[in-house]
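Peer 1: Would you mind keeping the following structure in view while I ask a few things?
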Amino acid sequence: MPVAPGTGDGFMPLTTQRLILRPLVAGDADALHRLVNDWEVTRNLAVVPFPYPRELADDWIQSTRRSLADGSGYQLAITGREGEHEMLVGVVGLRIDAEQRCGRLGYWVGRRFWGHGVATEAAGRLARWALANLDIDRLEAGVIIDNPASAAVLRRVGFRQVGEGTEAFLARGGEHPVWRFEATRDDIFPHAEPASEDGSRPMLLVAACALIDADGRVLLARRPEGKRMAGLWEFPGGKLHPGETPEVALIRELKEELGIDVSAACLAPFAFASHEYEQFHLLMPLYVCRRWKGTPTPRENQTLAWVRPQKLADYPMPPADKPLIPLLRDFL
């Protein structure tokens, strides 16, 4: 599968209305040490000692660069502006468990910045980016039970409390009870309108296309951050506008999404999906196309991947798309 955008030295900073989340650099060490060498901060962090030695800041920043490069962790500086100057506010990060397809979220903010919504803004931004761009299906977090403010941050972001347990806290010198939280794409990203009072669900008509190149590969697009089911892979396409046929809708969508020109004569009906989601019923005809003008280029912040038919099942897809994979694989 393709490398997630934002890994390694090419990580693009994440922005919010007030903040920038970027990789830590050696020059952050002094400010980081001043902020985290505070009992009120370190007492809530599982793996941070107190007092916090100055040299540990240098070592830890170097370790974050290595984990960022290999995709095993995303520890980012939370920075803001003070006049013309950037200032370090705290740190937000994810540790990735590739086998479990899970990311563990953690964060801290310097005490002088408490009470301004910084943790919620930073944690929410990283959570949305991670589920939309990394090969994970869920996020988890733990909060020591005498830190209800941090638990409130997770709930505002979209996390659900799923249980309790214990974890070792280095600064406190032992095991302490924690609340355990979890979130999936359905928790973090907005949903469509719910079903009507009588239980019926609106019908959503969507047309999709399997673009097949000269090597027999199929183009998949990854739903970008901000869309429902962000991070899942799908066939390019989209909703039908009123009065549109599936072919007309596909011609329009492929131009808007990928910048390519397709004629109706090159769209061959192949199969269809009929799937009942919680908020709507999806009906989606799938077409096959082998000829188009132009080079498919992501125009809506999506990630594209040309995939061999036998590898299609390796890409997490929405439930409606999954039954189409064996049909397309056998056809190709």
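Chain lettering (A, B, ...) mirrors the order of the structure tokens, residue numbering begins at 1 for each chain separately, and ligand numbering begins at 1 in order of display.
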For stretch 204-217 of chain A, list every protein, DNA or RNA residue within 8 Å, evaluated using only C-alpha atoms, and leave out those in the same chain fewer than 3 positions away; present the list as JSON, numbers by chain.
Peer 2: {"A": [220, 235, 236, 237, 238, 239, 240, 246, 247, 249, 250, 280, 281, 282, 283, 284, 285, 286, 287, 288, 289, 290, 306, 307, 308, 309, 332]}
Peer 1: Output as a count of residues only all residues of stretch 26-161 of chain A that backbone DSSP marks as alpha helix (DSSP H).
Peer 2: 55
Peer 1: So which residues touch A:Pro49 within 7 Å, counting only C-alpha atoms, skipping near sequence neighbours fewer than 2 positions away, as a ChimeraX atom specification?
Peer 2: /A:42,47,51-52,170-171
Peer 1: Store the residues of this selection in a file with N, CA and C atoms, as a short mmCIF file (atom, residue, chain, number, x, y, z; two decimals), in the first residue's frame.
Peer 2:
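Written out: again_13.cif:
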data_model
loop_
_atom_site.label_atom_id
_atom_site.label_comp_id
_atom_site.auth_asym_id
_atom_site.auth_seq_id
_atom_site.Cartn_x
_atom_site.Cartn_y
_atom_site.Cartn_z
N THR A 42 3.55 16.85 34.54
CA THR A 42 4.09 15.50 34.47
C THR A 42 3.30 14.49 35.29
N VAL A 47 4.68 8.24 31.02
CA VAL A 47 6.08 7.86 30.80
C VAL A 47 7.05 9.02 31.00
N PRO A 51 11.74 15.15 38.66
CA PRO A 51 12.03 16.24 37.72
C PRO A 51 12.40 15.70 36.33
N TYR A 52 12.28 16.57 35.34
CA TYR A 52 12.56 16.20 33.96
C TYR A 52 13.92 16.76 33.57
N LEU A 170 5.23 7.11 35.70
CA LEU A 170 6.62 7.20 36.13
C LEU A 170 6.81 8.28 37.20
N ALA A 171 6.23 9.44 36.98
CA ALA A 171 6.42 10.53 37.94
C ALA A 171 5.79 10.22 39.29
#
Peer 1: Would you mind reading off the distance between atom CA of A:Glu82 and atom CA of A:Phe11, one decimal, in Å?
Peer 2: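 For atom CA of A:Glu82 relative to atom CA of A:Phe11, the distance reads 24.0 Å.
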Peer 1: Determine the nearest neighbour of A:Lys227 from the options A:Ile188, A:Ala271, A:Leu76, A:Ala57, counting only C-alpha atoms.
Peer 2: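 The shortest atom-to-atom distance to A:Lys227 comes from A:Ile188.
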Peer 1: If you run DSSP on this backbone, which residues of stretch 97-135 of chain A come out as strand (DSSP E or B), and could you give them as a ChimeraX atom specification?
Peer 2: /A:97,102-109
Peer 1: Can you measure atom CA of A:Ile260 to atom CA of A:Gln302 for me? One decimal in Å is fine.
Peer 2: 15.1 Å
Peer 1: Can you tell me which residues surround stretch 145-151 of chain A at a distance of at most 10 Å, considering only C-alpha atoms, apart from same-chain residues fewer than 4 positions away, and format the answer as a list in words?
Peer 2: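 Those residues are Arg43, Asn44, Gly106, Tyr107, Trp108, Trp114, Gly115, Ala119, Thr120, Ala141, Arg155, Arg156, Phe159, Arg160, Gln161, Glu164, Gly165, Thr166, His176, Pro177, Val178, Trp179, Arg180 and Phe181 of chain A.
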Peer 1: So, counting only C-alpha atoms, which residue among A:Gly124, A:Glu140, A:Val248, A:Arg81 is closest to A:Gln100?
Peer 2: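 Result for the nearest residue to A:Gln100: A:Glu140.
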Peer 1: Report, in Å to a single decimal, how far apart atom CA of A:Asp314 and atom CA of A:Ala268 are.
Peer 2: 25.2 Å
